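coords-v3.cif (mmCIF, C-alpha atoms)
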```cif
data_start
loop_
_atom_site.group_PDB
_atom_site.id
_atom_site.type_symbol
_atom_site.label_atom_id
_atom_site.label_comp_id
_atom_site.auth_asym_id
_atom_site.auth_seq_id
_atom_site.Cartn_x
_atom_site.Cartn_y
_atom_site.Cartn_z
ATOM 1 C CA MET A 87 -64.248 -49.596 33.906
ATOM 2 C CA LYS A 88 -64.795 -53.128 32.545
ATOM 3 C CA LYS A 89 -67.645 -51.935 30.290
ATOM 4 C CA GLY A 90 -65.364 -49.369 28.723
ATOM 5 C CA MET A 91 -62.755 -52.040 28.040
ATOM 6 C CA ALA A 92 -65.344 -54.323 26.479
ATOM 7 C CA TRP A 93 -66.575 -51.553 24.197
ATOM 8 C CA LEU A 94 -63.083 -50.735 23.039
ATOM 9 C CA ALA A 95 -62.292 -54.415 22.483
ATOM 10 C CA GLY A 96 -65.373 -54.748 20.311
ATOM 11 C CA ILE A 97 -64.259 -51.871 18.128
ATOM 12 C CA LEU A 98 -60.793 -53.308 17.729
ATOM 13 C CA GLY A 99 -62.207 -56.738 16.899
ATOM 14 C CA ALA A 100 -64.354 -55.245 14.143
ATOM 15 C CA LEU A 101 -61.450 -53.297 12.681
ATOM 16 C CA PHE A 102 -59.101 -56.257 12.476
ATOM 17 C CA GLY A 103 -61.666 -58.821 11.214
ATOM 18 C CA GLY A 104 -62.333 -60.603 14.503
ATOM 19 C CA ALA A 105 -65.726 -61.846 15.733
ATOM 20 C CA THR A 106 -68.144 -59.505 17.459
ATOM 21 C CA VAL A 107 -67.435 -59.390 21.152
ATOM 22 C CA TRP A 108 -70.107 -58.354 23.593
ATOM 23 C CA GLY A 109 -69.706 -56.729 26.891
ATOM 24 C CA SER A 110 -70.580 -59.729 29.104
ATOM 25 C CA THR A 111 -67.989 -62.000 27.574
ATOM 26 C CA VAL A 112 -65.278 -59.352 27.552
ATOM 27 C CA THR A 113 -66.053 -58.477 31.138
ATOM 28 C CA GLU A 114 -65.203 -61.968 32.274
ATOM 29 C CA THR A 115 -62.200 -62.629 30.060
ATOM 30 C CA VAL A 116 -60.561 -59.215 29.566
ATOM 31 C CA THR A 117 -59.365 -57.367 32.562
ATOM 32 C CA GLU A 118 -57.412 -54.515 30.844
ATOM 33 C CA ILE A 119 -56.895 -53.340 27.261
ATOM 34 C CA THR A 120 -54.363 -50.741 26.215
ATOM 35 C CA VAL A 121 -55.381 -48.469 23.316
ATOM 36 C CA THR A 122 -52.498 -47.282 21.182
ATOM 37 C CA GLU A 123 -52.545 -45.236 17.920
ATOM 38 C CA GLU A 124 -49.578 -44.377 15.799
ATOM 39 C CA CYS A 125 -49.997 -40.594 16.139
ATOM 40 C CA TRP A 126 -50.454 -40.659 19.926
ATOM 41 C CA GLU A 127 -47.534 -39.839 22.125
ATOM 42 C CA GLU A 128 -48.768 -41.580 25.303
ATOM 43 C CA GLU A 129 -50.845 -44.615 26.409
ATOM 44 C CA PHE A 130 -54.270 -44.395 27.926
ATOM 45 C CA THR A 131 -56.443 -46.954 29.805
ATOM 46 C CA GLY A 132 -60.000 -46.120 31.004
ATOM 47 C CA THR A 133 -63.792 -46.209 30.506
ATOM 48 C CA GLU A 134 -65.652 -45.315 27.300
ATOM 49 C CA ALA A 135 -66.290 -41.749 28.527
ATOM 50 C CA GLU A 136 -62.742 -41.373 29.638
ATOM 51 C CA THR A 137 -61.603 -42.748 26.295
ATOM 52 C CA GLN A 138 -63.734 -40.214 24.393
ATOM 53 C CA GLN A 139 -62.438 -37.420 26.596
ATOM 54 C CA TRP A 140 -58.901 -38.576 26.065
ATOM 55 C CA LEU A 141 -59.409 -38.730 22.250
ATOM 56 C CA ALA A 142 -60.824 -35.196 22.315
ATOM 57 C CA GLN A 143 -57.783 -34.006 24.236
ATOM 58 C CA GLN A 144 -55.560 -35.592 21.627
ATOM 59 C CA GLU A 145 -57.451 -33.784 18.848
ATOM 60 C CA ARG A 146 -57.092 -30.482 20.665
ATOM 61 C CA LYS A 147 -53.431 -31.218 21.177
ATOM 62 C CA LYS A 148 -52.995 -31.812 17.435
ATOM 63 C CA GLU A 149 -54.787 -28.556 16.652
ATOM 64 C CA GLU A 150 -52.589 -26.676 19.144
ATOM 65 C CA GLU A 151 -49.479 -28.214 17.606
ATOM 66 C CA LYS A 152 -50.683 -27.198 14.151
ATOM 67 C CA LEU A 153 -51.319 -23.644 15.342
ATOM 68 C CA GLN A 154 -47.918 -23.580 16.978
ATOM 69 C CA GLU A 155 -46.306 -24.662 13.712
ATOM 70 C CA GLU A 156 -48.178 -21.907 11.869
ATOM 71 C CA ARG A 157 -47.060 -19.373 14.459
ATOM 72 C CA GLU A 158 -43.471 -20.517 14.071
ATOM 73 C CA GLU A 159 -43.700 -19.895 10.333
ATOM 74 C CA VAL A 160 -44.673 -16.219 10.867
ATOM 75 C CA PRO A 161 -41.165 -14.973 11.864
ATOM 76 C CA VAL A 162 -39.795 -16.447 8.660
ATOM 77 C CA THR A 163 -42.265 -14.371 6.692
ATOM 78 C CA GLU A 164 -41.442 -11.334 8.790
ATOM 79 C CA GLU A 165 -37.721 -11.988 8.299
ATOM 80 C CA ILE A 166 -38.264 -12.093 4.525
ATOM 81 C CA VAL A 167 -40.135 -8.809 4.720
ATOM 82 C CA VAL A 168 -37.343 -7.272 6.829
ATOM 83 C CA ILE A 169 -34.710 -8.472 4.371
ATOM 84 C CA GLU A 170 -36.701 -7.004 1.492
ATOM 85 C CA GLU A 171 -37.008 -3.702 3.366
ATOM 86 C CA GLU A 172 -33.245 -3.648 4.135
ATOM 87 C CA THR A 173 -32.444 -4.418 0.498
ATOM 88 C CA ALA A 174 -34.686 -1.575 -0.614
ATOM 89 C CA ALA A 175 -33.031 0.752 1.916
ATOM 90 C CA GLU A 176 -29.554 -0.259 0.725
ATOM 91 C CA GLU A 177 -30.582 0.335 -2.873
ATOM 92 C CA ALA A 178 -31.915 3.767 -1.893
ATOM 93 C CA VAL A 179 -28.640 4.588 -0.075
ATOM 94 C CA THR A 180 -26.619 3.368 -3.063
ATOM 95 C CA GLU A 181 -28.682 5.527 -5.409
ATOM 96 C CA GLU A 182 -28.257 8.513 -3.087
ATOM 97 C CA THR A 183 -24.496 7.899 -2.955
ATOM 98 C CA VAL A 184 -24.303 7.749 -6.737
ATOM 99 C CA ILE A 185 -26.182 11.042 -6.970
ATOM 100 C CA GLU A 186 -23.876 12.676 -4.397
ATOM 101 C CA GLU A 187 -20.751 11.419 -6.175
ATOM 102 C CA ALA A 188 -22.079 12.690 -9.496
ATOM 103 C CA ALA A 189 -22.730 16.097 -7.913
ATOM 104 C CA GLU A 190 -19.214 16.161 -6.437
ATOM 105 C CA ASP A 191 -17.697 15.259 -9.808
ATOM 106 C CA ALA A 192 -19.696 18.024 -11.477
ATOM 107 C CA GLN A 193 -18.548 20.511 -8.846
ATOM 108 C CA ALA A 194 -14.914 19.424 -9.238
ATOM 109 C CA GLU A 195 -15.202 19.794 -13.007
ATOM 110 C CA GLU A 196 -16.643 23.280 -12.589
ATOM 111 C CA GLU A 197 -13.839 24.209 -10.189
ATOM 112 C CA ARG A 198 -11.282 23.011 -12.729
ATOM 113 C CA HIS A 199 -12.799 25.278 -15.350
ATOM 114 C CA THR A 200 -12.791 28.210 -12.914
ATOM 115 C CA ALA A 201 -9.432 27.334 -11.322
ATOM 116 C CA ASP A 202 -7.041 29.992 -10.104
ATOM 117 C CA THR A 203 -4.432 30.617 -12.785
ATOM 118 C CA ASN A 204 -2.959 33.817 -11.367
ATOM 119 C CA PRO A 205 0.550 33.383 -9.911
ATOM 120 C CA PRO A 206 1.594 35.181 -6.726
ATOM 121 C CA VAL A 207 3.004 38.714 -7.063
ATOM 122 C CA ILE A 208 6.466 39.131 -5.504
ATOM 123 C CA GLU A 209 8.000 42.436 -4.461
ATOM 124 C CA ILE A 210 11.499 42.903 -3.040
ATOM 125 C CA LEU A 211 11.748 46.025 -0.914
ATOM 126 C CA GLY A 212 14.499 47.801 0.973
ATOM 127 C CA ILE A 213 17.174 46.996 -1.581
ATOM 128 C CA LEU A 214 18.765 49.347 -4.102
ATOM 129 C CA PRO A 215 21.199 48.161 -6.759
ATOM 130 C CA VAL A 216 23.815 49.020 -4.120
ATOM 131 C CA SER A 217 23.660 49.607 -0.407
ATOM 132 C CA ASP A 218 23.982 53.062 1.085
ATOM 133 C CA GLY A 219 27.310 52.026 2.577
ATOM 134 C CA SER A 220 26.471 53.187 6.080
ATOM 135 C CA VAL A 221 24.260 50.576 7.780
ATOM 136 C CA PRO A 222 23.700 46.816 7.510
ATOM 137 C CA LEU A 223 21.168 45.841 4.857
ATOM 138 C CA ARG A 224 17.802 44.286 5.816
ATOM 139 C CA PRO A 225 15.775 43.144 2.790
ATOM 140 C CA VAL A 226 11.964 42.962 2.912
ATOM 141 C CA ILE A 227 9.783 40.848 0.648
ATOM 142 C CA ARG A 228 6.044 41.054 -0.031
ATOM 143 C CA VAL A 229 3.993 38.258 -1.615
ATOM 144 C CA THR A 230 0.408 38.937 -2.707
ATOM 145 C CA ASP A 231 -2.031 36.117 -3.515
ATOM 146 C CA GLU A 232 -5.482 34.997 -2.378
ATOM 147 C CA LYS A 233 -4.175 31.603 -1.244
ATOM 148 C CA ILE A 234 -0.559 31.808 -0.124
ATOM 149 C CA GLU A 235 1.156 30.257 2.890
ATOM 150 C CA GLU A 236 4.507 30.977 4.518
ATOM 151 C CA ARG A 237 5.692 27.430 3.932
ATOM 152 C CA LYS A 238 5.242 27.940 0.192
ATOM 153 C CA ILE A 239 7.756 30.813 0.095
ATOM 154 C CA GLU A 240 11.478 30.062 -0.391
ATOM 155 C CA ILE A 241 14.213 32.662 -0.124
ATOM 156 C CA THR A 242 17.866 32.093 -1.010
ATOM 157 C CA LEU A 243 20.915 34.371 -0.961
ATOM 158 C CA LYS A 244 23.834 33.763 -3.280
ATOM 159 C CA THR A 245 27.248 35.190 -2.401
ATOM 160 C CA GLY A 246 30.166 34.965 -4.760
ATOM 161 C CA LYS A 247 30.028 32.350 -7.485
ATOM 162 C CA GLU A 248 29.063 29.217 -5.587
ATOM 163 C CA HIS A 249 27.738 29.750 -2.093
ATOM 164 C CA ILE A 250 23.923 29.734 -1.783
ATOM 165 C CA ARG A 251 22.160 29.683 1.550
ATOM 166 C CA PRO A 252 18.481 29.822 2.590
ATOM 167 C CA MET A 253 17.189 32.980 4.253
ATOM 168 C CA THR A 254 14.637 33.151 7.063
ATOM 169 C CA ALA A 255 11.946 35.797 7.363
ATOM 170 C CA VAL A 256 9.500 36.996 9.997
ATOM 171 C CA TYR A 257 6.097 37.366 8.308
ATOM 172 C CA GLU A 258 3.126 39.619 8.916
ATOM 173 C CA LYS A 259 -0.158 38.888 7.148
ATOM 174 C CA LYS A 260 -2.610 41.589 6.107
ATOM 175 C CA GLY A 261 -5.451 40.532 3.855
ATOM 176 C CA ASN A 262 -3.987 38.561 0.980
ATOM 177 C CA CYS A 263 -0.448 39.921 1.512
ATOM 178 C CA LEU A 264 2.426 38.299 3.367
ATOM 179 C CA THR A 265 5.249 40.701 4.255
ATOM 180 C CA GLY A 266 8.500 39.211 5.528
ATOM 181 C CA SER A 267 11.521 40.927 7.050
ATOM 182 C CA LEU A 268 14.794 39.094 6.438
ATOM 183 C CA GLU A 269 17.867 38.943 8.612
ATOM 184 C CA GLU A 270 20.470 41.678 8.327
ATOM 185 C CA ILE A 271 23.363 41.343 5.880
ATOM 186 C CA HIS A 272 26.538 42.782 7.397
ATOM 187 C CA LYS A 273 29.394 41.543 5.276
ATOM 188 C CA ASP A 274 30.565 43.501 2.253
ATOM 189 C CA GLY A 275 29.998 41.642 -0.956
ATOM 190 C CA ALA A 276 27.964 41.186 -4.110
ATOM 191 C CA TYR A 277 24.753 39.210 -3.649
ATOM 192 C CA ARG A 278 21.741 37.830 -5.494
ATOM 193 C CA LEU A 279 18.483 37.436 -3.582
ATOM 194 C CA THR A 280 15.943 34.996 -5.084
ATOM 195 C CA VAL A 281 12.321 34.587 -3.938
ATOM 196 C CA THR A 282 10.079 31.698 -5.050
ATOM 197 C CA ALA A 283 6.389 31.606 -4.110
ATOM 198 C CA GLN A 284 3.708 29.027 -4.935
ATOM 199 C CA ASP A 285 -0.009 29.255 -4.096
ATOM 200 C CA GLU A 286 -2.423 26.426 -3.284
ATOM 201 C CA ALA A 287 -3.475 26.147 -6.928
ATOM 202 C CA GLY A 288 0.123 25.356 -7.926
ATOM 203 C CA ASN A 289 0.842 28.712 -9.585
ATOM 204 C CA LYS A 290 4.490 29.676 -9.080
ATOM 205 C CA SER A 291 6.415 32.945 -9.324
ATOM 206 C CA VAL A 292 10.149 33.604 -9.128
ATOM 207 C CA ASP A 293 11.792 36.991 -8.696
ATOM 208 C CA GLY A 294 15.219 38.203 -7.651
ATOM 209 C CA CYS A 295 17.694 41.050 -7.689
ATOM 210 C CA PHE A 296 21.430 41.736 -7.536
ATOM 211 C CA PHE A 297 22.808 44.099 -4.930
ATOM 212 C CA THR A 298 25.957 44.841 -2.990
ATOM 213 C CA VAL A 299 26.807 45.589 0.576
ATOM 214 C CA ASN A 300 29.719 48.000 0.437
ATOM 215 C CA ARG A 301 30.894 49.966 3.436
ATOM 216 C CA SER A 302 34.632 49.710 2.951
ATOM 217 C CA GLY A 303 34.944 51.421 -0.450
ATOM 218 C CA THR A 304 37.926 50.933 -2.755
ATOM 219 C CA SER A 305 41.174 49.198 -1.913
ATOM 220 C CA PHE A 306 44.314 50.109 -3.927
ATOM 221 C CA PHE A 307 47.267 47.859 -4.781
ATOM 222 C CA HIS A 308 50.403 49.007 -6.565
ATOM 223 C CA GLY A 309 51.190 47.314 -9.778
ATOM 224 C CA GLU A 310 54.392 47.288 -11.802
ATOM 225 C CA GLU A 311 56.743 50.226 -11.368
ATOM 226 C CA TYR A 312 57.830 52.377 -14.245
ATOM 227 C CA GLU A 313 61.143 50.658 -14.805
ATOM 228 C CA LYS A 314 59.363 47.336 -15.183
ATOM 229 C CA SER A 315 56.610 48.630 -17.387
ATOM 230 C CA GLY A 316 58.780 49.172 -20.414
ATOM 231 C CA GLY A 317 58.666 52.918 -20.001
ATOM 232 C CA LYS A 318 55.085 53.125 -21.226
ATOM 233 C CA GLU A 319 52.579 52.619 -18.374
ATOM 234 C CA LEU A 320 52.300 52.343 -14.628
ATOM 235 C CA LEU A 321 49.636 49.919 -13.297
ATOM 236 C CA VAL A 322 47.402 50.459 -10.237
ATOM 237 C CA ARG A 323 44.999 47.657 -9.215
ATOM 238 C CA LEU A 324 41.613 48.577 -7.702
ATOM 239 C CA GLU A 325 39.289 46.355 -5.666
ATOM 240 C CA ASN A 326 35.681 47.303 -4.946
ATOM 241 C CA LYS A 327 32.360 45.476 -4.662
ATOM 242 C CA ASP A 328 30.696 48.001 -6.961
ATOM 243 C CA ASP A 329 31.489 49.900 -10.088
ATOM 244 C CA VAL A 330 34.135 52.543 -9.476
ATOM 245 C CA LYS A 331 34.485 55.982 -10.941
ATOM 246 C CA ILE A 332 37.861 57.739 -11.016
ATOM 247 C CA LEU A 333 37.390 61.205 -9.591
ATOM 248 C CA SER A 334 41.031 62.186 -9.795
ATOM 249 C CA CYS A 335 44.264 60.710 -11.149
ATOM 250 C CA MET A 336 47.211 62.926 -10.292
ATOM 251 C CA VAL A 337 50.883 62.517 -11.177
ATOM 252 C CA ASN A 338 53.128 65.024 -9.491
ATOM 253 C CA GLY A 339 50.124 67.264 -8.736
ATOM 254 C CA GLN A 340 48.769 67.278 -12.273
ATOM 255 C CA GLU A 341 45.929 65.386 -13.901
ATOM 256 C CA ALA A 342 47.326 62.403 -15.768
ATOM 257 C CA ASP A 343 45.917 60.286 -18.554
ATOM 258 C CA TYR A 344 44.920 56.711 -17.765
ATOM 259 C CA ARG A 345 43.028 53.806 -19.210
ATOM 260 C CA TRP A 346 41.101 50.942 -17.715
ATOM 261 C CA ARG A 347 42.675 47.541 -17.633
ATOM 262 C CA SER A 348 41.543 44.253 -16.091
ATOM 263 C CA GLY A 349 41.311 44.849 -12.336
ATOM 264 C CA GLY A 350 42.550 48.467 -12.382
ATOM 265 C CA ILE A 351 44.015 51.328 -14.414
ATOM 266 C CA ALA A 352 47.188 51.987 -16.344
ATOM 267 C CA VAL A 353 48.689 55.479 -15.929
ATOM 268 C CA SER A 354 50.533 56.929 -18.936
ATOM 269 C CA GLY A 355 54.275 57.154 -18.518
ATOM 270 C CA ASP A 356 54.409 60.422 -20.458
ATOM 271 C CA MET A 357 53.619 62.305 -17.232
ATOM 272 C CA LEU A 358 56.577 60.821 -15.363
ATOM 273 C CA LYS A 359 59.875 62.612 -14.945
ATOM 274 C CA PRO A 360 63.285 61.290 -14.033
ATOM 275 C CA GLY A 361 63.636 60.764 -10.323
ATOM 276 C CA ASP A 362 60.845 60.493 -7.801
ATOM 277 C CA ASN A 363 57.208 60.763 -8.879
ATOM 278 C CA VAL A 364 54.059 60.839 -6.788
ATOM 279 C CA ILE A 365 50.793 59.244 -7.978
ATOM 280 C CA ALA A 366 47.456 59.898 -6.159
ATOM 281 C CA LEU A 367 43.942 58.540 -6.907
ATOM 282 C CA GLU A 368 40.426 59.367 -5.698
ATOM 283 C CA THR A 369 37.466 57.100 -6.471
ATOM 284 C CA MET A 370 33.738 56.994 -5.883
ATOM 285 C CA ASP A 371 31.731 53.743 -5.996
ATOM 286 C CA ARG A 372 28.018 53.216 -6.556
ATOM 287 C CA ALA A 373 27.439 52.880 -2.824
ATOM 288 C CA GLY A 374 28.672 56.432 -2.425
ATOM 289 C CA ASN A 375 31.972 55.543 -0.802
ATOM 290 C CA LEU A 376 34.709 58.106 -1.437
ATOM 291 C CA SER A 377 38.149 56.484 -1.360
ATOM 292 C CA VAL A 378 41.544 58.231 -1.522
ATOM 293 C CA MET A 379 44.666 56.273 -2.305
ATOM 294 C CA GLU A 380 47.693 56.982 -0.160
ATOM 295 C CA PRO A 381 50.198 58.723 -2.465
ATOM 296 C CA TRP A 382 52.446 56.233 -4.174
ATOM 297 C CA LYS A 383 56.055 57.245 -4.775
ATOM 298 C CA VAL A 384 57.642 55.910 -7.917
ATOM 299 C CA ARG A 385 61.252 56.503 -8.991
ATOM 300 C CA CYS A 386 61.775 56.889 -12.674
ATOM 301 C CA VAL A 387 65.087 56.813 -14.519
ATOM 302 C CA LYS A 388 65.148 58.073 -18.121
#
```
Would it be possible to restate this file's structure as C-alpha cells?
Amino acid sequence: MKKGMAWLAGILGALFGGATVWGSTVTETVTEITVTEECWEEEFTGTEAETQQWLAQQERKKEEEKLQEEREEVPVTEEIVVIEEETAAEEAVTEETVIEEAAEDAQAEEERHTADTNPPVIEILGILPVSDGSVPLRPVIRVTDEKIEERKIEITLKTGKEHIRPMTAVYEKKGNCLTGSLEEIHKDGAYRLTVTAQDEAGNKSVDGCFFTVNRSGTSFFHGEEYEKSGGKELLVRLENKDDVKILSCMVNGQEADYRWRSGGIAVSGDMLKPGDNVIALETMDRAGNLSVMEPWKVRCVK
C-alpha cells in the first residue's frame, strides 16, 4: 500500500516540477495520497496495481459513455428518416387526391354536357271538357320521366275567379311513370286543374285543363214582364255551369223567336197576345243535362 502511494507521489512531483521522491522517503513521511483528475467522477486510494486497474476501469467507463452517447444519437437519425418517410407519404396522398379531384371534375363536366334536358310528360286523364253529370268527378294524372319523385309534383284546383287550393293524390309507380288518383270533386262548378312536375335535373313541365262538374242542369229566372219591357221583348235569365243550347222556346204552344242577351234570352213580343200568355223553355247543356222550365204565365195588355 505504501509503495503504491510513493510511486504515485513521485509521478505527481515530476509533473508539477518538484524534486524526485523515492519510495523509502515517501514511505516514512507520506501515509496516504489521494489521486484526483478533472474527468474522474470519484476518488480512489490504493496500490500501484490497484491504481492501474482503477485507471483502466475509468477508460472503459469513458468508452461506454461514448458508446451510449452514440446509441442515443441513433433514434434522432431514425426519427429524421421516419419524418422523411411520412412527408413522402403525405406528398403521395396529396398527389393521389389531386388526381382523384381532377377525375371527378372531368366526370362532372362530362355529365353537364350529357345532362338530362327532357322535361317530364304530364297527362290528365278522366276529365272531359264537361262532366257526364251523373257521378262525382275523380281526375287522374300521369307523369312520365326517368327521374321524377312524388314530392316534385304539385297539383292545384281553381274554382271560380279567386279560390285556389292544393290537391292530394295517391300515386302508383310503374317503371318511369307515376300515376296519381285525385280526390273526388262533388260540387257543381267550373274548375281549372293545374299540374306542375319537375325532375331531378331541374326540367319543369306545366299542364292544365278547364272542366265543369254539372249535375243540376239549368236554372231559370223570370226577367221583366211584357208591360215593363216596352212592348218589345220578354227576358228570361238562365244559369248553368256549361254552355246551354235552347232546344225549345214556346209561347202559347208555338215556337217563338228569341235572341241571346247577357245571362239569358229575350223573347220577341210579337208572339204575345192580349191577356194571359204561357212561355216554356227546354235546354240542354254540355254535360248532357236536359232542363225544362216550369211554364211562366205572363199577362199582356195591348
* To do: Find the residues near Val353 (chain A): any atom within 7 Å, counting all atoms listed in the file, skip ones fewer than 6 places away on the same chain, and give them as a VMD selection string.
  => chain A and resid 319 to 321 343 to 345
* To do: List the neighbours of His249 (chain A) out to 12 Å using all atoms listed in the file; skip same-chain residues closer than 3 positions along the sequence, and give me the result as a list in words.
  =>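 In the requested form, the answer reads Thr242, Leu243, Lys244, Thr245, Gly246, Pro252, Ala276, Tyr277 and Arg278 of chain A.
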* **Cut-off 9 Å around (34.9, 54.6, -5.3) with only C-alpha atoms: residues as a ChimeraX atom specification** => /A:303-305,326,328-333,368-378
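For Asp274 (chain A), the residues within 8 Å (counting only C-alpha atoms, excluding itself and residues fewer than 3 positions away along the chain) are Thr298, Val299, Asn300, Arg301, Ser302 and Lys327 of chain A.
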* **CA of Val221 (chain A) to CA of Phe297 (chain A), distance in Å rounded to a single decimal** =>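 If I compute the distance from CA of Val221 (chain A) to CA of Phe297 (chain A), I get 14.3 Å.
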* Selected residue of minimal separation from Ser291 (chain A) among A:Ala192, A:Val229, A:Ile185, A:Leu141, counting only C-alpha atoms ->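 Checking each of A:Ala192, A:Val229, A:Ile185, A:Leu141 against Ser291 (chain A), counting only C-alpha atoms, the winner is A:Val229.
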